[in-house]
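Asks: File my_file34.cif below, mmCIF, C-alpha atoms:
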```cif
data_protein
loop_
_atom_site.group_PDB
_atom_site.id
_atom_site.type_symbol
_atom_site.label_atom_id
_atom_site.label_comp_id
_atom_site.auth_asym_id
_atom_site.auth_seq_id
_atom_site.Cartn_x
_atom_site.Cartn_y
_atom_site.Cartn_z
ATOM 1 C CA THR I 1229 -21.561 4.204 6.411
ATOM 2 C CA SER I 1230 -20.121 3.000 3.109
ATOM 3 C CA PHE I 1231 -18.381 5.141 0.511
ATOM 4 C CA PHE I 1232 -15.723 4.988 -2.194
ATOM 5 C CA LEU I 1233 -12.360 6.728 -1.978
ATOM 6 C CA VAL I 1234 -11.008 7.408 -5.466
ATOM 7 C CA ASP I 1235 -7.633 8.816 -6.403
ATOM 8 C CA PRO I 1236 -7.445 9.209 -10.192
ATOM 9 C CA LEU I 1237 -3.715 10.003 -10.083
ATOM 10 C CA ASP I 1238 -1.647 8.873 -7.101
ATOM 11 C CA GLY I 1239 2.017 9.730 -7.612
ATOM 12 C CA THR I 1240 1.474 13.076 -9.305
ATOM 13 C CA LYS I 1241 5.131 14.098 -8.949
ATOM 14 C CA GLU I 1242 6.250 10.895 -10.692
ATOM 15 C CA PHE I 1243 3.694 11.369 -13.469
ATOM 16 C CA ILE I 1244 4.791 14.974 -14.072
ATOM 17 C CA ALA I 1245 8.446 13.879 -14.086
ATOM 18 C CA GLY I 1246 7.671 11.248 -16.734
ATOM 19 C CA ARG I 1247 8.281 8.281 -14.424
ATOM 20 C CA ASP I 1248 6.161 5.115 -14.400
ATOM 21 C CA GLU I 1249 5.239 4.746 -10.715
ATOM 22 C CA PHE I 1250 1.818 6.390 -10.622
ATOM 23 C CA THR I 1251 -1.483 4.650 -9.977
ATOM 24 C CA ILE I 1252 -5.250 4.902 -10.188
ATOM 25 C CA ASN I 1253 -6.866 3.894 -6.875
ATOM 26 C CA ILE I 1254 -10.440 2.910 -6.054
ATOM 27 C CA GLY I 1255 -11.208 1.810 -2.503
ATOM 28 C CA LEU I 1256 -14.483 0.916 -0.821
ATOM 29 C CA ILE I 1257 -14.865 1.842 2.846
ATOM 30 C CA GLU I 1258 -17.417 0.033 4.984
ATOM 31 C CA GLN I 1259 -17.754 0.874 8.683
ATOM 32 C CA GLY I 1260 -14.353 2.594 8.613
ATOM 33 C CA ARG I 1261 -12.491 -0.345 7.034
ATOM 34 C CA ALA I 1262 -11.055 -0.703 3.531
ATOM 35 C CA THR I 1263 -12.959 -3.721 2.157
ATOM 36 C CA PHE I 1264 -12.408 -3.488 -1.609
ATOM 37 C CA GLY I 1265 -9.454 -2.169 -3.528
ATOM 38 C CA LEU I 1266 -8.349 -1.697 -7.105
ATOM 39 C CA VAL I 1267 -4.884 -0.306 -7.848
ATOM 40 C CA TYR I 1268 -3.745 0.135 -11.442
ATOM 41 C CA ALA I 1269 -0.342 1.364 -12.600
ATOM 42 C CA PRO I 1270 -0.984 1.816 -16.349
ATOM 43 C CA ALA I 1271 2.605 2.736 -17.309
ATOM 44 C CA LEU I 1272 3.825 -0.508 -15.677
ATOM 45 C CA ALA I 1273 0.749 -2.575 -16.674
ATOM 46 C CA ASP I 1274 0.455 -3.645 -13.001
ATOM 47 C CA PHE I 1275 -3.121 -4.338 -11.888
ATOM 48 C CA TYR I 1276 -4.174 -5.343 -8.358
ATOM 49 C CA VAL I 1277 -7.720 -6.005 -7.163
ATOM 50 C CA THR I 1278 -9.578 -7.713 -4.345
ATOM 51 C CA LEU I 1279 -12.081 -10.428 -5.201
ATOM 52 C CA GLY I 1280 -13.221 -11.051 -1.621
ATOM 53 C CA PRO I 1281 -12.218 -10.572 2.021
ATOM 54 C CA ASN I 1282 -9.186 -12.880 1.782
ATOM 55 C CA GLU I 1283 -8.636 -12.939 -1.953
ATOM 56 C CA ALA I 1284 -6.458 -10.496 -3.853
ATOM 57 C CA VAL I 1285 -5.151 -10.990 -7.368
ATOM 58 C CA ALA I 1286 -2.817 -9.286 -9.797
ATOM 59 C CA ALA I 1287 -2.503 -9.192 -13.563
ATOM 60 C CA HIS I 1288 -0.285 -7.749 -16.247
ATOM 61 C CA LEU I 1289 -2.747 -5.452 -17.975
ATOM 62 C CA GLU I 1290 -1.627 -3.160 -20.772
ATOM 63 C CA PRO I 1291 -3.887 -0.096 -21.124
ATOM 64 C CA ALA I 1292 -4.782 -0.801 -24.759
ATOM 65 C CA THR I 1293 -5.698 -4.503 -24.391
ATOM 66 C CA GLY I 1294 -9.452 -3.951 -24.546
ATOM 67 C CA VAL I 1295 -10.137 -6.295 -21.625
ATOM 68 C CA ARG I 1296 -13.814 -6.112 -20.684
ATOM 69 C CA SER I 1297 -13.934 -8.275 -17.544
ATOM 70 C CA LEU I 1298 -11.710 -9.881 -14.939
ATOM 71 C CA ALA I 1299 -12.387 -13.220 -16.622
ATOM 72 C CA ASP I 1300 -10.378 -11.928 -19.599
ATOM 73 C CA CYS I 1301 -7.281 -11.326 -17.442
ATOM 74 C CA ALA I 1302 -4.643 -13.852 -16.496
ATOM 75 C CA LEU I 1303 -5.142 -13.333 -12.766
ATOM 76 C CA THR I 1304 -2.467 -14.431 -10.315
ATOM 77 C CA PRO I 1305 -3.370 -14.936 -6.638
ATOM 78 C CA LEU I 1306 -1.525 -12.645 -4.239
ATOM 79 C CA ARG I 1307 -0.111 -13.746 -0.904
ATOM 80 C CA THR I 1308 2.286 -11.844 1.308
ATOM 81 C CA ARG I 1309 5.495 -13.512 2.364
ATOM 82 C CA VAL I 1310 6.438 -14.720 5.831
ATOM 83 C CA PRO I 1311 8.940 -12.176 7.165
ATOM 84 C CA ASP I 1312 12.385 -13.116 8.427
ATOM 85 C CA PRO I 1313 12.868 -10.766 11.422
ATOM 86 C CA ASN I 1314 16.632 -10.908 10.880
ATOM 87 C CA ALA I 1315 16.491 -9.983 7.194
ATOM 88 C CA LEU I 1316 13.585 -7.645 6.462
ATOM 89 C CA ALA I 1317 12.908 -5.752 3.254
ATOM 90 C CA ALA I 1318 11.220 -2.355 3.494
ATOM 91 C CA PHE I 1319 9.699 0.088 1.076
ATOM 92 C CA THR I 1320 9.952 3.815 1.634
ATOM 93 C CA SER I 1321 8.279 6.695 -0.122
ATOM 94 C CA GLN I 1322 10.182 7.894 -3.164
ATOM 95 C CA SER I 1323 9.237 11.532 -2.569
ATOM 96 C CA HIS I 1324 8.608 11.732 1.180
ATOM 97 C CA LEU I 1325 11.368 9.876 3.037
ATOM 98 C CA ASN I 1326 12.113 11.706 6.272
ATOM 99 C CA ARG I 1327 14.211 11.315 9.411
ATOM 100 C CA ALA I 1328 11.292 9.901 11.444
ATOM 101 C CA THR I 1329 10.820 7.110 8.888
ATOM 102 C CA SER I 1330 14.537 6.303 8.886
ATOM 103 C CA ASP I 1331 14.525 6.252 12.707
ATOM 104 C CA PHE I 1332 11.552 3.866 12.687
ATOM 105 C CA LEU I 1333 13.319 1.498 10.269
ATOM 106 C CA ASP I 1334 16.470 1.625 12.411
ATOM 107 C CA GLY I 1335 14.453 -0.323 15.015
ATOM 108 C CA TYR I 1336 14.410 -3.369 12.726
ATOM 109 C CA LYS I 1337 16.969 -5.541 10.972
ATOM 110 C CA ILE I 1338 16.439 -4.183 7.476
ATOM 111 C CA VAL I 1339 18.674 -5.708 4.808
ATOM 112 C CA GLU I 1340 16.983 -4.067 1.833
ATOM 113 C CA ARG I 1341 15.371 -0.636 1.457
ATOM 114 C CA ARG I 1342 13.682 0.356 -1.775
ATOM 115 C CA ALA I 1343 12.087 3.701 -2.592
ATOM 116 C CA VAL I 1344 8.847 3.280 -4.524
ATOM 117 C CA ALA I 1345 6.230 5.874 -5.411
ATOM 118 C CA SER I 1346 2.438 5.879 -5.056
ATOM 119 C CA SER I 1347 0.225 3.098 -3.720
ATOM 120 C CA LEU I 1348 2.258 0.643 -5.779
ATOM 121 C CA LYS I 1349 4.059 -0.208 -2.510
ATOM 122 C CA PHE I 1350 0.929 -1.915 -1.140
ATOM 123 C CA GLY I 1351 0.589 -4.128 -4.232
ATOM 124 C CA LEU I 1352 4.254 -5.073 -4.174
ATOM 125 C CA ILE I 1353 4.065 -6.068 -0.490
ATOM 126 C CA ALA I 1354 0.913 -8.065 -1.306
ATOM 127 C CA ARG I 1355 2.969 -9.778 -4.020
ATOM 128 C CA GLY I 1356 5.590 -10.713 -1.407
ATOM 129 C CA GLU I 1357 8.362 -8.337 -2.488
ATOM 130 C CA ALA I 1358 8.847 -6.704 0.938
ATOM 131 C CA ASP I 1359 7.795 -6.964 4.577
ATOM 132 C CA LEU I 1360 6.845 -3.434 5.593
ATOM 133 C CA TYR I 1361 6.287 0.144 4.533
ATOM 134 C CA PRO I 1362 6.248 2.831 7.221
ATOM 135 C CA ARG I 1363 4.780 6.233 6.385
ATOM 136 C CA ILE I 1364 5.513 8.788 9.069
ATOM 137 C CA ALA I 1365 4.218 11.792 7.201
ATOM 138 C CA PRO I 1366 0.752 12.932 6.110
ATOM 139 C CA THR I 1367 -1.185 11.051 3.459
ATOM 140 C CA SER I 1368 -4.807 11.310 2.423
ATOM 141 C CA GLU I 1369 -7.246 8.463 2.886
ATOM 142 C CA TRP I 1370 -7.703 8.172 -0.891
ATOM 143 C CA ASP I 1371 -3.943 7.582 -1.224
ATOM 144 C CA THR I 1372 -4.060 4.404 0.868
ATOM 145 C CA ALA I 1373 -7.549 2.835 0.976
ATOM 146 C CA ALA I 1374 -7.351 0.796 -2.236
ATOM 147 C CA GLY I 1375 -3.831 -0.492 -1.558
ATOM 148 C CA HIS I 1376 -4.743 -1.197 2.056
ATOM 149 C CA ALA I 1377 -7.656 -3.402 0.946
ATOM 150 C CA VAL I 1378 -5.452 -5.308 -1.530
ATOM 151 C CA LEU I 1379 -2.746 -5.861 1.082
ATOM 152 C CA ALA I 1380 -5.239 -7.013 3.726
ATOM 153 C CA ALA I 1381 -6.845 -9.480 1.297
ATOM 154 C CA ALA I 1382 -3.367 -10.881 0.534
ATOM 155 C CA GLY I 1383 -2.565 -11.520 4.207
ATOM 156 C CA GLY I 1384 -1.166 -8.208 5.428
ATOM 157 C CA CYS I 1385 -2.431 -5.362 7.576
ATOM 158 C CA VAL I 1386 -2.020 -1.632 8.063
ATOM 159 C CA THR I 1387 -1.737 -0.158 11.550
ATOM 160 C CA THR I 1388 -1.098 3.167 13.184
ATOM 161 C CA LEU I 1389 2.268 3.567 14.911
ATOM 162 C CA GLU I 1390 0.475 2.585 18.125
ATOM 163 C CA GLY I 1391 -0.543 -0.746 16.580
ATOM 164 C CA GLU I 1392 -4.235 0.063 16.079
ATOM 165 C CA PRO I 1393 -5.952 -0.727 12.748
ATOM 166 C CA LEU I 1394 -5.836 2.170 10.279
ATOM 167 C CA LEU I 1395 -9.445 3.305 9.857
ATOM 168 C CA TYR I 1396 -11.093 5.587 7.290
ATOM 169 C CA GLY I 1397 -13.839 8.193 7.104
ATOM 170 C CA HIS I 1398 -12.478 11.091 9.145
ATOM 171 C CA PRO I 1399 -13.782 14.375 7.691
ATOM 172 C CA GLU I 1400 -12.948 16.109 11.005
ATOM 173 C CA ARG I 1401 -9.246 15.781 10.145
ATOM 174 C CA GLY I 1402 -9.703 16.477 6.433
ATOM 175 C CA PHE I 1403 -9.509 12.775 5.506
ATOM 176 C CA VAL I 1404 -5.808 12.796 6.448
ATOM 177 C CA ASN I 1405 -4.333 9.538 7.761
ATOM 178 C CA PRO I 1406 -2.239 9.353 10.895
ATOM 179 C CA SER I 1407 1.256 7.922 10.454
ATOM 180 C CA PHE I 1408 1.030 4.200 9.700
ATOM 181 C CA VAL I 1409 2.881 1.005 8.852
ATOM 182 C CA ALA I 1410 1.811 -1.416 6.128
ATOM 183 C CA TRP I 1411 2.882 -4.916 7.196
ATOM 184 C CA GLY I 1412 3.246 -7.975 4.979
ATOM 185 C CA ARG I 1413 1.756 -10.075 7.773
ATOM 186 C CA SER I 1414 1.154 -8.905 11.348
ATOM 187 C CA PRO I 1415 3.087 -6.125 13.108
ATOM 188 C CA LEU I 1416 6.600 -7.069 14.172
ATOM 189 C CA PRO I 1417 8.156 -6.094 17.497
ATOM 190 C CA ARG I 1418 10.999 -3.604 17.347
ATOM 191 C CA GLN I 1419 14.389 -5.279 17.648
ATOM 192 C CA ARG I 1420 16.589 -2.278 18.295
ATOM 193 C CA GLN I 1421 16.019 0.830 20.388
#
```
What does the file become when written as structure tokens?
Replies:
Amino acid sequence: TSFFLVDPLDGTKEFIAGRDEFTINIGLIEQGRATFGLVYAPALADFYVTLGPNEAVAAHLEPATGVRSLADCALTPLRTRVPDPNALAAFTSQSHLNRATSDFLDGYKIVERRAVASSLKFGLIARGEADLYPRIAPTSEWDTAAGHAVLAAAGGCVTTLEGEPLLYGHPERGFVNPSFVAWGRSPLPRQRQ
């Protein structure tokens, strides 16, 4: 089964508060996997899209530019960075940081934590700005599918806390994701207990 997951306004709280970190997300799901993603943060002019299974790109795209095709954009290839297990950078949710997430991060040598809203976190990891983003709280599949596809095409992955691939298309649980971790590359072993 193939279907699109669309979130026309991810980061509603930030949008209502007049902040810039909200996105428009379009993700294609094929056989339970996020295979195409488009994430656009219009207030920041940040645009992320997949061009193929291992090809993600970004562009600075102002809303009023009148661009009609990707060929009109100055596309920059995206590649995640190689993590340093002794000096990791992590993103957390701006609105939903909880004790379970902090406890999870305490198992790693995190030297930088940055709170970011919406699916923008996936694009920024794809750009190489951090190594992981744990989300130990409910999210909907449409919140993550597009960013997941972009991150995967840039060299990363998204897993459940048990290390299984995060899969989509679960109407039986209301299209709610289990807790997950977005990794810049592959999952890292915990360093501290």
Asks: Taking into account all atoms listed in the file, which residue in the set I:Arg1327, I:His1398, I:His1376, I:Arg1296 is nearest to Leu1352 in chain I?
Replies: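 Of I:Arg1327, I:His1398, I:His1376, I:Arg1296, the one nearest Leu1352 in chain I, counting all atoms listed in the file, is I:His1376.
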Asks: Exactly which residues make up the result of the PyMOL selection byres ((chain I and resi 1301) around 12) on this file, given as a PyMOL selection string?
Replies: chain I and resi 1273-1277+1285-1290+1293-1300+1302-1304
Asks: Hey, what comes out of the PyMOL selection byres ((chain I and resi 1335) around 9) on this file? Could you write it as a list in words?
Replies: Asp1331, Phe1332, Leu1333, Asp1334, Tyr1336, Lys1337, Ile1338, Pro1417, Arg1418, Gln1419, Arg1420 and Gln1421 of chain I
Asks: Give me, as a PDB file with C-alpha atoms, in the frame of the given file, all polymer residues having an atom no more than 8 Å from Asp1359 in chain I, counting only C-alpha atoms and skipping those fewer than 3 positions away in the same chain.
Replies:
```pdb
ATOM      1  CA  ARG I1309       5.495 -13.512   2.364  1.00  0.00           C
ATOM      2  CA  VAL I1310       6.438 -14.720   5.831  1.00  0.00           C
ATOM      3  CA  PRO I1311       8.940 -12.176   7.165  1.00  0.00           C
ATOM      4  CA  LEU I1316      13.585  -7.645   6.462  1.00  0.00           C
ATOM      5  CA  ALA I1317      12.908  -5.752   3.254  1.00  0.00           C
ATOM      6  CA  ALA I1318      11.220  -2.355   3.494  1.00  0.00           C
ATOM      7  CA  ILE I1353       4.065  -6.068  -0.490  1.00  0.00           C
ATOM      8  CA  GLY I1356       5.590 -10.713  -1.407  1.00  0.00           C
ATOM      9  CA  TRP I1411       2.882  -4.916   7.196  1.00  0.00           C
ATOM     10  CA  GLY I1412       3.246  -7.975   4.979  1.00  0.00           C
ATOM     11  CA  ARG I1413       1.756 -10.075   7.773  1.00  0.00           C
TER      12      ARG I1413
END
```
Asks: What does the distance between CA of Phe1232 in chain I and CA of Trp1370 in chain I come to in Å, to one decimal place?
Replies: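 So the two atoms, CA of Phe1232 in chain I and CA of Trp1370 in chain I, lie 8.7 Å apart.
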Asks: One decimal, in Å: what's the spacing between CA of Glu1369 in chain I and CA of Val1234 in chain I?
Replies: 9.2 Å
Asks: How would you write, as a PyMOL selection string, the residues chosen by the PyMOL selection byres ((chain I and resi 1271) around 10) on this structure?
Replies: chain I and resi 1243+1246-1251+1268-1270+1272-1274+1289-1291
Asks: Can you pull out the residues contacting Arg1355 in chain I? Cut-off 9 Å, using only C-alpha atoms, and skip same-chain residues under 5 positions away; I want them as a ChimeraX atom specification.
Replies: /I:1285-1286,1305-1309,1350,1379,1382
Asks: Would you mind telling me which residue in I:Ala1292, I:Glu1283, I:Leu1360, I:Asp1238 lies nearest to Pro1313 in chain I when using all atoms listed in the file?
Replies: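 Closest to Pro1313 in chain I of all the choices is I:Leu1360.
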Asks: From the list I:Ser1346, I:Thr1329, I:Ser1407, I:Asp1235, which residue is nearest Leu1395 in chain I when using all atoms listed in the file?
Replies: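 Using all atoms listed in the file, the shortest distance to Leu1395 in chain I belongs to I:Ser1407.
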Asks: Expressed in Å to a single decimal, how great is the separation between CA of Ala1345 in chain I and CA of Ala1373 in chain I?
Replies: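 Rounded to one decimal, the two atoms are 15.5 Å apart.
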Asks: Hey, could you pull the box centre and edge lengths for range 1265-1274 of chain I, axis-aligned, 5 Å padding per side, all listed atoms, to one decimal in Å, as AutoDock Vina command-line options?
Replies:
```
--center_x -2.8 --center_y -0.5 --center_z -10.4 --size_x 23.3 --size_y 16.4 --size_z 23.8
```
Asks: Check the smallest atom-to-atom distance from each of I:Pro1399, I:Gly1391, I:Pro1362, I:Gly1383 to Thr1278 in chain I using all atoms listed in the file, then report the winner.
Replies: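 For Thr1278 in chain I, the nearest of the given residues is I:Gly1383.
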Asks: May I have the protein, DNA and RNA residues with any atom at most 9 Å from the point (-14.7, 7.3, -6.7), counting only C-alpha atoms, written as a list of chain:residue names?
Replies: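 Here is the list of nearby residues: I:Phe1231, I:Phe1232, I:Leu1233, I:Val1234, I:Asp1235, I:Pro1236, I:Asn1253, I:Ile1254, I:Gly1255, I:Leu1256.
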Asks: Which residues, written as a ChimeraX atom specification, have at least one atom at most 7 Å from Thr1387 in chain I, with all atoms listed in the file counted and residues fewer than 6 positions away on the same chain left out?
Replies: /I:1393-1394,1408-1410
Asks: Keeping only C-alpha atoms, write the selected residues to a file as a PDB file, in the coordinates of the input.
Replies:
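selection.pdb was written with the following content:
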```pdb
ATOM      1  CA  PRO I1393      -5.952  -0.727  12.748  1.00  0.00           C
ATOM      2  CA  LEU I1394      -5.836   2.170  10.279  1.00  0.00           C
ATOM      3  CA  PHE I1408       1.030   4.200   9.700  1.00  0.00           C
ATOM      4  CA  VAL I1409       2.881   1.005   8.852  1.00  0.00           C
ATOM      5  CA  ALA I1410       1.811  -1.416   6.128  1.00  0.00           C
TER       6      ALA I1410
END
```
